[in-house]
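Novice: What follows is the file query_38.txt, containing compact mmCIF, C-alpha atoms and all ligand atoms:
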# COMPACT_ATOMS: atom_id res chain seq x y z
CA MET H 7 35.62 -3.32 -32.33
CA ALA H 8 38.19 -4.17 -29.71
CA HIS H 9 36.97 -5.45 -26.36
CA PHE H 10 37.29 -3.24 -23.30
CA PRO H 11 36.52 -4.29 -19.73
CA GLU H 12 33.28 -2.74 -18.49
CA LEU H 13 33.78 0.34 -16.37
CA VAL H 14 31.22 2.93 -15.27
CA PHE H 15 32.13 6.62 -15.02
CA SER H 16 29.92 9.54 -14.15
CA GLY H 17 30.24 13.08 -12.87
CA VAL H 18 28.13 15.46 -10.80
CA GLN H 19 28.76 19.20 -10.69
CA PRO H 20 29.28 20.74 -7.25
CA THR H 21 27.05 23.74 -7.82
CA GLY H 22 24.30 24.43 -5.30
CA ASN H 23 22.04 22.22 -3.25
CA LEU H 24 21.33 18.66 -4.27
CA HIS H 25 17.64 17.90 -4.64
CA LEU H 26 15.28 15.03 -5.35
CA GLY H 27 15.92 15.36 -9.09
CA ASN H 28 19.64 14.74 -8.65
CA TYR H 29 18.89 11.90 -6.27
CA LEU H 30 16.34 9.97 -8.35
CA GLY H 31 17.88 10.95 -11.69
CA ALA H 32 21.51 10.14 -10.93
CA ILE H 33 22.56 9.03 -7.47
CA VAL H 34 20.09 6.13 -7.09
CA LYS H 35 21.33 4.79 -10.43
CA PHE H 36 24.96 5.15 -9.32
CA VAL H 37 24.20 3.13 -6.20
CA GLU H 38 22.51 0.45 -8.28
CA LEU H 39 25.40 0.14 -10.77
CA GLN H 40 27.87 -0.63 -7.99
CA LYS H 41 26.36 -4.10 -7.70
CA THR H 42 27.26 -5.07 -11.27
CA HIS H 43 30.20 -2.84 -12.29
CA SER H 44 33.40 -1.18 -11.21
CA CYS H 45 32.43 2.46 -10.86
CA ILE H 46 34.19 5.81 -10.77
CA TYR H 47 32.12 8.75 -9.50
CA CYS H 48 33.65 12.17 -9.87
CA VAL H 49 32.73 15.53 -8.38
CA VAL H 50 33.49 17.68 -11.41
CA ASP H 51 34.83 20.89 -9.91
CA LEU H 52 36.73 21.84 -13.08
CA HIS H 53 33.40 21.87 -14.88
CA ALA H 54 31.87 24.01 -12.13
CA ILE H 55 34.23 26.92 -12.81
CA THR H 56 33.05 27.24 -16.41
CA LEU H 57 30.55 29.58 -14.71
CA PRO H 58 31.45 31.96 -11.86
CA GLN H 59 31.64 30.29 -8.41
CA LYS H 60 32.31 31.64 -4.94
CA PRO H 61 35.34 29.80 -3.52
CA ASP H 62 33.85 29.01 -0.08
CA GLU H 63 30.58 27.82 -1.59
CA LEU H 64 32.39 25.71 -4.17
CA LYS H 65 34.38 23.96 -1.47
CA ALA H 66 31.23 23.33 0.59
CA SER H 67 29.45 21.96 -2.50
CA ILE H 68 32.28 19.57 -3.36
CA ARG H 69 32.03 18.15 0.16
CA GLU H 70 28.22 18.11 0.03
CA VAL H 71 28.10 16.06 -3.18
CA THR H 72 30.66 13.66 -1.73
CA ALA H 73 28.62 13.33 1.46
CA ALA H 74 25.49 12.70 -0.60
CA PHE H 75 27.22 9.90 -2.53
CA ILE H 76 28.28 8.23 0.69
CA ALA H 77 24.98 8.84 2.50
CA ALA H 78 23.07 7.33 -0.43
CA GLY H 79 25.15 4.16 -0.24
CA ILE H 80 28.05 4.53 -2.63
CA ASP H 81 31.00 2.59 -1.23
CA PRO H 82 34.15 4.68 -1.71
CA LYS H 83 36.39 1.75 -0.76
CA LYS H 84 35.08 -0.70 -3.35
CA HIS H 85 34.66 2.00 -6.00
CA ILE H 86 36.32 5.36 -6.63
CA VAL H 87 34.96 8.71 -5.44
CA PHE H 88 37.06 11.85 -5.93
CA ASN H 89 37.03 15.43 -7.15
CA GLN H 90 38.24 16.09 -10.65
CA SER H 91 40.79 18.84 -9.94
CA GLN H 92 42.91 16.43 -7.87
CA VAL H 93 43.70 14.35 -10.95
CA ALA H 94 45.54 16.64 -13.36
CA GLU H 95 45.30 14.12 -16.19
CA HIS H 96 41.68 15.17 -16.82
CA ALA H 97 42.79 18.66 -17.86
CA GLU H 98 45.80 17.27 -19.70
CA LEU H 99 43.76 14.89 -21.84
CA ALA H 100 41.14 17.62 -22.39
CA TRP H 101 43.83 19.69 -24.12
CA VAL H 102 44.62 16.82 -26.46
CA PHE H 103 40.89 16.51 -27.19
CA ASN H 104 40.67 20.25 -27.90
CA CYS H 105 42.98 19.44 -30.78
CA VAL H 106 40.88 16.44 -31.89
CA ALA H 107 37.37 17.92 -31.65
CA ARG H 108 36.29 20.31 -34.43
CA MET H 109 34.87 23.80 -33.92
CA GLY H 110 31.85 22.71 -35.95
CA TRP H 111 31.09 19.93 -33.46
CA LEU H 112 31.19 22.24 -30.46
CA ASN H 113 29.17 24.90 -32.27
CA ARG H 114 26.25 22.47 -32.31
CA MET H 115 26.13 21.96 -28.54
CA THR H 116 22.76 23.13 -27.24
CA GLN H 117 23.85 23.37 -23.60
CA PHE H 118 26.49 25.97 -24.49
CA LYS H 119 23.89 28.03 -26.31
CA GLU H 120 21.56 27.86 -23.31
CA LYS H 121 24.19 28.61 -20.70
CA ALA H 122 25.95 31.32 -22.68
CA GLY H 123 22.64 33.03 -23.37
CA LYS H 124 22.56 36.15 -25.50
CA ASP H 125 25.98 37.45 -24.51
CA ARG H 126 28.04 34.72 -26.14
CA GLU H 127 31.10 36.95 -26.57
CA ASN H 128 31.33 37.13 -22.80
CA ALA H 129 31.09 33.37 -22.12
CA SER H 130 34.26 31.71 -20.85
CA VAL H 131 36.35 29.65 -23.25
CA GLY H 132 35.93 26.89 -20.66
CA LEU H 133 32.15 26.90 -21.07
CA TYR H 134 32.65 26.40 -24.79
CA ALA H 135 35.20 23.62 -24.28
CA TYR H 136 33.12 21.97 -21.51
CA PRO H 137 32.31 18.89 -23.65
CA THR H 138 35.96 18.11 -24.45
CA LEU H 139 36.73 18.07 -20.72
CA MET H 140 33.75 15.79 -20.18
CA ALA H 141 35.09 13.49 -22.90
CA ALA H 142 38.46 13.49 -21.15
CA ASP H 143 36.81 12.55 -17.82
CA ILE H 144 35.39 9.44 -19.44
CA HIS H 145 38.26 8.47 -21.72
CA VAL H 146 41.08 9.00 -19.24
CA TYR H 147 39.73 5.79 -17.60
CA ARG H 148 38.64 4.27 -20.90
CA ALA H 149 35.20 3.94 -19.34
CA THR H 150 32.57 1.96 -21.25
CA HIS H 151 29.29 2.97 -19.58
CA VAL H 152 28.15 6.44 -18.55
CA PRO H 153 24.93 7.02 -16.60
CA VAL H 154 23.69 10.52 -17.45
CA GLY H 155 20.50 12.49 -17.73
CA GLU H 156 18.77 13.10 -21.05
CA ASP H 157 20.29 16.61 -21.15
CA GLN H 158 23.82 15.17 -21.38
CA LYS H 159 23.13 12.86 -24.32
CA GLN H 160 24.57 15.27 -26.86
CA HIS H 161 27.79 15.64 -24.85
CA LEU H 162 28.14 11.89 -24.69
CA GLU H 163 27.73 11.60 -28.44
CA LEU H 164 30.52 14.15 -28.77
CA ALA H 165 32.68 12.01 -26.47
CA ARG H 166 32.07 9.08 -28.81
CA ASP H 167 32.94 11.21 -31.84
CA ILE H 168 36.19 12.30 -30.19
CA ALA H 169 37.13 8.70 -29.36
CA GLN H 170 36.36 7.62 -32.89
CA LYS H 171 38.35 10.42 -34.50
CA PHE H 172 41.33 9.81 -32.21
CA ASN H 173 41.20 6.08 -32.98
CA ASN H 174 41.05 6.86 -36.72
CA ASP H 175 43.58 9.66 -36.91
CA PHE H 176 46.18 7.67 -34.99
CA ALA H 177 45.19 4.18 -36.10
CA GLU H 178 48.68 3.29 -37.31
CA SER H 179 50.40 4.55 -34.20
CA ILE H 180 47.83 2.84 -31.97
CA ALA H 181 48.35 -0.49 -33.72
CA ALA H 182 52.15 -0.10 -33.79
CA ARG H 183 52.14 0.30 -30.00
CA GLY H 184 50.21 -2.91 -29.47
CA HIS H 185 46.79 -1.42 -28.68
CA GLY H 186 45.04 -3.13 -31.57
CA GLU H 187 42.50 -1.31 -33.70
CA ALA H 188 41.19 1.21 -31.16
CA TYR H 189 42.65 2.87 -28.09
CA PHE H 190 39.48 4.45 -26.69
CA PRO H 191 36.20 2.55 -26.35
CA LEU H 192 33.02 4.25 -27.57
CA PRO H 193 31.17 4.77 -24.27
CA GLU H 194 27.54 3.71 -23.99
CA PRO H 195 25.14 6.18 -22.42
CA LEU H 196 22.88 4.78 -19.71
CA ILE H 197 20.16 7.40 -20.05
CA GLN H 198 17.58 7.86 -17.34
CA GLY H 199 14.19 7.79 -18.96
CA PRO H 200 11.45 10.39 -18.47
CA ALA H 201 10.16 8.23 -15.59
CA THR H 202 12.91 9.64 -13.39
CA ARG H 203 12.58 13.20 -14.67
CA VAL H 204 11.50 15.05 -11.57
CA MET H 205 9.55 18.26 -12.12
CA SER H 206 9.05 21.33 -9.95
CA LEU H 207 6.52 20.94 -7.11
CA ARG H 208 5.11 24.36 -8.04
CA ASP H 209 4.89 23.86 -11.82
CA GLY H 210 4.71 20.40 -13.37
CA SER H 211 6.00 21.66 -16.72
CA LYS H 212 9.40 22.82 -15.37
CA LYS H 213 12.27 20.61 -14.25
CA MET H 214 13.03 20.57 -10.52
CA SER H 215 16.02 22.89 -10.33
CA LYS H 216 18.46 24.26 -7.81
CA SER H 217 18.14 27.67 -9.45
CA ASP H 218 14.36 28.02 -8.99
CA PRO H 219 13.88 31.02 -6.66
CA SER H 220 11.16 29.18 -4.69
CA ASP H 221 12.51 26.58 -2.26
CA TYR H 222 9.00 25.09 -2.28
CA SER H 223 9.64 23.95 -5.85
CA ARG H 224 12.06 21.23 -4.75
CA LEU H 225 12.87 18.68 -2.05
CA ASN H 226 16.50 19.21 -1.07
CA LEU H 227 18.43 16.19 0.15
CA SER H 228 19.30 18.23 3.23
CA ASP H 229 15.63 18.97 4.12
CA ASP H 230 14.45 17.61 7.46
CA ALA H 231 11.21 15.66 7.91
CA ASP H 232 9.09 18.72 8.75
CA THR H 233 10.30 20.61 5.71
CA ILE H 234 9.66 17.62 3.44
CA ALA H 235 6.13 17.30 4.84
CA GLN H 236 5.41 21.00 4.39
CA LYS H 237 6.67 21.09 0.82
CA VAL H 238 4.73 17.99 -0.23
CA ARG H 239 1.52 19.34 1.36
CA LYS H 240 1.94 22.64 -0.48
CA ALA H 241 2.81 20.97 -3.79
CA LYS H 242 0.56 22.13 -6.62
CA THR H 243 -2.20 19.73 -7.70
CA ASP H 244 -5.46 20.01 -9.63
CA PRO H 245 -9.08 19.65 -8.47
CA GLU H 246 -9.76 16.21 -9.99
CA PRO H 247 -9.33 12.95 -8.07
CA LEU H 248 -6.39 10.77 -9.11
CA PRO H 249 -7.08 8.65 -12.21
CA SER H 250 -7.05 4.86 -12.09
CA GLU H 251 -5.04 4.49 -15.30
CA VAL H 252 -1.73 6.07 -16.38
CA ALA H 253 -3.44 7.46 -19.50
CA GLY H 254 -5.51 9.65 -17.18
CA LEU H 255 -2.36 11.53 -16.12
CA ALA H 256 -2.00 13.09 -19.57
CA LYS H 257 -2.30 16.90 -19.46
CA ARG H 258 -2.13 16.77 -15.65
CA PRO H 259 1.58 17.52 -15.18
CA GLU H 260 1.45 18.09 -11.41
CA ALA H 261 -0.46 14.87 -10.77
CA GLU H 262 1.86 12.99 -13.10
CA ASN H 263 4.93 14.38 -11.34
CA LEU H 264 3.76 13.46 -7.83
CA VAL H 265 2.73 9.97 -8.93
CA GLY H 266 6.10 9.61 -10.68
CA ILE H 267 7.98 10.67 -7.55
CA PHE H 268 5.98 8.20 -5.45
CA ALA H 269 6.66 5.41 -7.95
CA ALA H 270 10.40 6.16 -8.14
CA LEU H 271 10.81 6.39 -4.36
CA ASN H 272 8.85 3.18 -3.83
CA GLN H 273 10.41 1.35 -6.81
CA GLN H 274 7.01 0.76 -8.38
CA THR H 275 5.42 1.65 -11.69
CA LYS H 276 3.05 4.61 -11.95
CA GLN H 277 0.28 2.11 -12.69
CA ASP H 278 0.99 0.34 -9.39
CA VAL H 279 0.70 3.65 -7.58
CA LEU H 280 -2.60 4.45 -9.31
CA GLY H 281 -3.79 0.94 -8.44
CA THR H 282 -3.58 2.00 -4.80
CA PHE H 283 -4.57 5.67 -5.00
CA GLY H 284 -6.64 5.94 -8.20
CA GLY H 285 -10.10 7.43 -7.60
CA GLY H 286 -8.98 8.99 -4.31
CA ASN H 287 -8.32 12.64 -3.60
CA PHE H 288 -4.92 14.23 -3.34
CA SER H 289 -4.90 14.68 0.41
CA ALA H 290 -4.78 10.95 1.19
CA PHE H 291 -2.17 10.43 -1.53
CA LYS H 292 -0.07 13.33 -0.26
CA SER H 293 -0.08 11.93 3.29
CA ALA H 294 1.27 8.65 1.97
CA LEU H 295 3.82 10.53 -0.14
CA VAL H 296 5.01 12.48 2.91
CA ASP H 297 5.54 9.24 4.84
CA LEU H 298 7.36 7.64 1.92
CA ALA H 299 9.56 10.67 1.19
CA VAL H 300 10.48 11.04 4.84
CA ALA H 301 11.27 7.32 5.10
CA LYS H 302 13.47 7.32 1.99
CA LEU H 303 15.10 10.76 2.07
CA GLY H 304 15.20 11.33 5.83
CA PRO H 305 18.05 8.86 6.49
CA VAL H 306 20.06 10.24 3.55
CA GLY H 307 19.60 13.78 4.81
CA SER H 308 20.55 12.97 8.38
CA GLU H 309 23.63 11.01 7.30
CA MET H 310 24.63 13.98 5.11
CA LYS H 311 24.19 16.24 8.11
CA ARG H 312 26.38 13.98 10.24
CA LEU H 313 29.05 13.87 7.52
CA SER H 314 28.91 17.65 7.10
CA LYS H 315 30.48 17.90 10.55
CA ASP H 316 33.43 15.75 9.52
CA ASP H 317 35.30 17.53 6.72
CA ALA H 318 38.45 15.61 7.59
CA TYR H 319 36.75 12.31 6.79
CA ILE H 320 35.22 13.60 3.54
CA ASP H 321 38.55 15.06 2.45
CA SER H 322 40.30 11.77 3.19
CA VAL H 323 37.78 9.90 1.02
CA LEU H 324 38.47 12.33 -1.84
CA ALA H 325 42.24 12.12 -1.41
CA ASP H 326 42.16 8.32 -1.36
CA GLY H 327 39.88 8.20 -4.41
CA ALA H 328 42.08 10.69 -6.26
CA ALA H 329 45.22 8.65 -5.53
CA ARG H 330 43.62 5.51 -6.96
CA ALA H 331 42.16 7.38 -9.95
CA ARG H 332 45.53 8.97 -10.70
CA VAL H 333 47.20 5.58 -11.15
CA LEU H 334 44.68 4.68 -13.87
CA ALA H 335 44.71 8.11 -15.50
CA ALA H 336 48.51 8.29 -15.55
CA GLN H 337 48.73 5.02 -17.49
CA THR H 338 46.33 6.38 -20.12
CA MET H 339 48.34 9.60 -20.45
CA ARG H 340 51.57 7.66 -20.96
CA ASP H 341 49.89 5.66 -23.73
CA VAL H 342 48.39 8.79 -25.29
CA LYS H 343 51.75 10.60 -25.27
CA ASP H 344 53.38 7.63 -26.98
CA ILE H 345 50.58 7.43 -29.53
CA LEU H 346 50.87 11.18 -30.29
CA GLY H 347 54.65 11.09 -30.55
CA PHE H 348 55.56 13.15 -27.50
CA VAL H 349 58.94 12.56 -25.84
CA ARG H 350 58.47 11.58 -22.20
N1 LIG H 401 28.13 17.44 -17.60
C1 LIG H 401 27.59 16.57 -16.59
C2 LIG H 401 26.34 17.21 -15.99
O1 LIG H 401 26.26 18.41 -15.88
C3 LIG H 401 28.59 16.29 -15.51
C4 LIG H 401 29.78 15.54 -16.04
C5 LIG H 401 31.03 16.02 -16.21
C6 LIG H 401 29.79 14.20 -16.48
N2 LIG H 401 31.84 15.05 -16.70
C7 LIG H 401 31.12 13.93 -16.88
C8 LIG H 401 28.80 13.21 -16.57
C9 LIG H 401 31.47 12.69 -17.41
C10 LIG H 401 29.17 11.98 -17.10
C11 LIG H 401 30.50 11.71 -17.50
O2 LIG H 401 25.46 16.48 -15.57
Represent the structure from my file as structure tokens, please.
Specialist:
Amino acid sequence: MAHFPELVFSGVQPTGNLHLGNYLGAIVKFVELQKTHSCIYCVVDLHAITLPQKPDELKASIREVTAAFIAAGIDPKKHIVFNQSQVAEHAELAWVFNCVARMGWLNRMTQFKEKAGKDRENASVGLYAYPTLMAADIHVYRATHVPVGEDQKQHLELARDIAQKFNNDFAESIAARGHGEAYFPLPEPLIQGPATRVMSLRDGSKKMSKSDPSDYSRLNLSDDADTIAQKVRKAKTDPEPLPSEVAGLAKRPEAENLVGIFAALNQQTKQDVLGTFGGGNFSAFKSALVDLAVAKLGPVGSEMKRLSKDDAYIDSVLADGAARARVLAAQTMRDVKDILGFVR
């Protein structure tokens, strides 16, 4: 396999409030990867419109995700932060991939089945083609590493299949144009393990979600200290004291979730947390969790709030990121057009 320089790409959809699950599951990892890699972080607004969106809310969400990236510590000068629709090459390459990917591949995508629900005839064509656009996001930069949640693993495998089929189908043309044996790298998923899977504060068996009707089920990044404290105090628990060993968390989903959140926020293992709190009751543990959550999330929330008053700054970050992304994406599209045999 040809060698490609390491490059990280990931995307976050601008749909609804960001919560602790997005933060621990994705954003913290993005911040971490900046230390070792060149990174491109994209607010995927083209993906958002695969489902209906209200224009004013969409715009606010694009800015909110951008603000969250910056507030959490992503450096938009050293790396690239932008919204997808400003770089037309994503949609352009997605069309090419619509002609590479097979219907049979897309028919197997579980996320489409879930999101389309029973009324599949009425789903948008975009929702069906979602994974080919995601593949284009990655491949238009020839990215090599993609941090994603467990739920996106299947889409990433599809992105690898598309790269492989493109490399195979056009092998001769790719080689003839001096690109060696493969034009697109096969991107590696960097999957967040179950340790960073954050569950609902009201029901430890459900994922923390922006669409849960109860706001008490999640900690939003925009929550202030009082709200965080209230939600943690009301979080569901069980009557037993905390166990001293991780094994004791089995079949206690709410306890496991709160211990997991504490561990992730404090960059410890669950066993470390139980070393401190095992044998104690939930009220002492919850007090400590309130302090920790306020200490870690409070500054992110207040920086997001400050940035929310400065749309001009946020928009300038996105425009600058898009301009730098476009240079890279345009080179790929020129190569792809030559490989396909388009006149340009
Ligand atoms: N589908 C991803 C999600 O919902 C978002 C996304 C779009 C993405 N394009 C991407 C993630 C490319 C990684 C790489 O989480």
Novice: What does the distance from atom CA of Ser250 of chain H to atom CA of Ala299 of chain H come to in Å, to one decimal?
Specialist: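 Atom-to-atom, atom CA of Ser250 of chain H to atom CA of Ala299 of chain H, that is 22.0 Å.
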Novice: Have a look at atom CA of Pro153 of chain H and atom CA of Ala129 of chain H and let me know their distance in Å, one decimal.
Specialist: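 According to the coordinates, atom CA of Pro153 of chain H and atom CA of Ala129 of chain H are separated by 27.6 Å.
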Novice: Neighbouring residues of ligand LIG 401 (chain H) are defined here as those with any atom at most 10 Å from a ligand atom, counting all atoms listed in the file; list them as number ranges by chain.
Specialist: H: 14-21, 28, 32, 46-54, 90, 96, 117, 136-145, 149, 151-159, 161-162, 165, 193, 195-196
Novice: What's the separation between atom CA of Ala294 of chain H and atom CA of Val279 of chain H, in Å to one decimal place?
Specialist: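 The value is 10.8 Å.
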Novice: Could you check which of H:Ala329, H:Arg108, H:Asp125, H:Gln236 is closest to Lys171 of chain H, using only C-alpha atoms?
Specialist: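 The answer is H:Arg108, which sits nearest to Lys171 of chain H.
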Novice: H:Ala241, H:Leu264, H:Val93, H:Ala122: which is nearest Val333 of chain H, counting only C-alpha atoms?
Specialist: H:Val93
Novice: Could you list, as a list of chain:residue names, every residue within 12 Å of Arg114 of chain H, counting all atoms listed in the file and ignoring same-chain residues fewer than 2 positions away?
Specialist: H:Arg108, H:Met109, H:Gly110, H:Trp111, H:Leu112, H:Thr116, H:Gln117, H:Phe118, H:Lys119, H:Glu120, H:Tyr134, H:Pro137, H:Gln160, H:His161, H:Glu163, H:Leu164
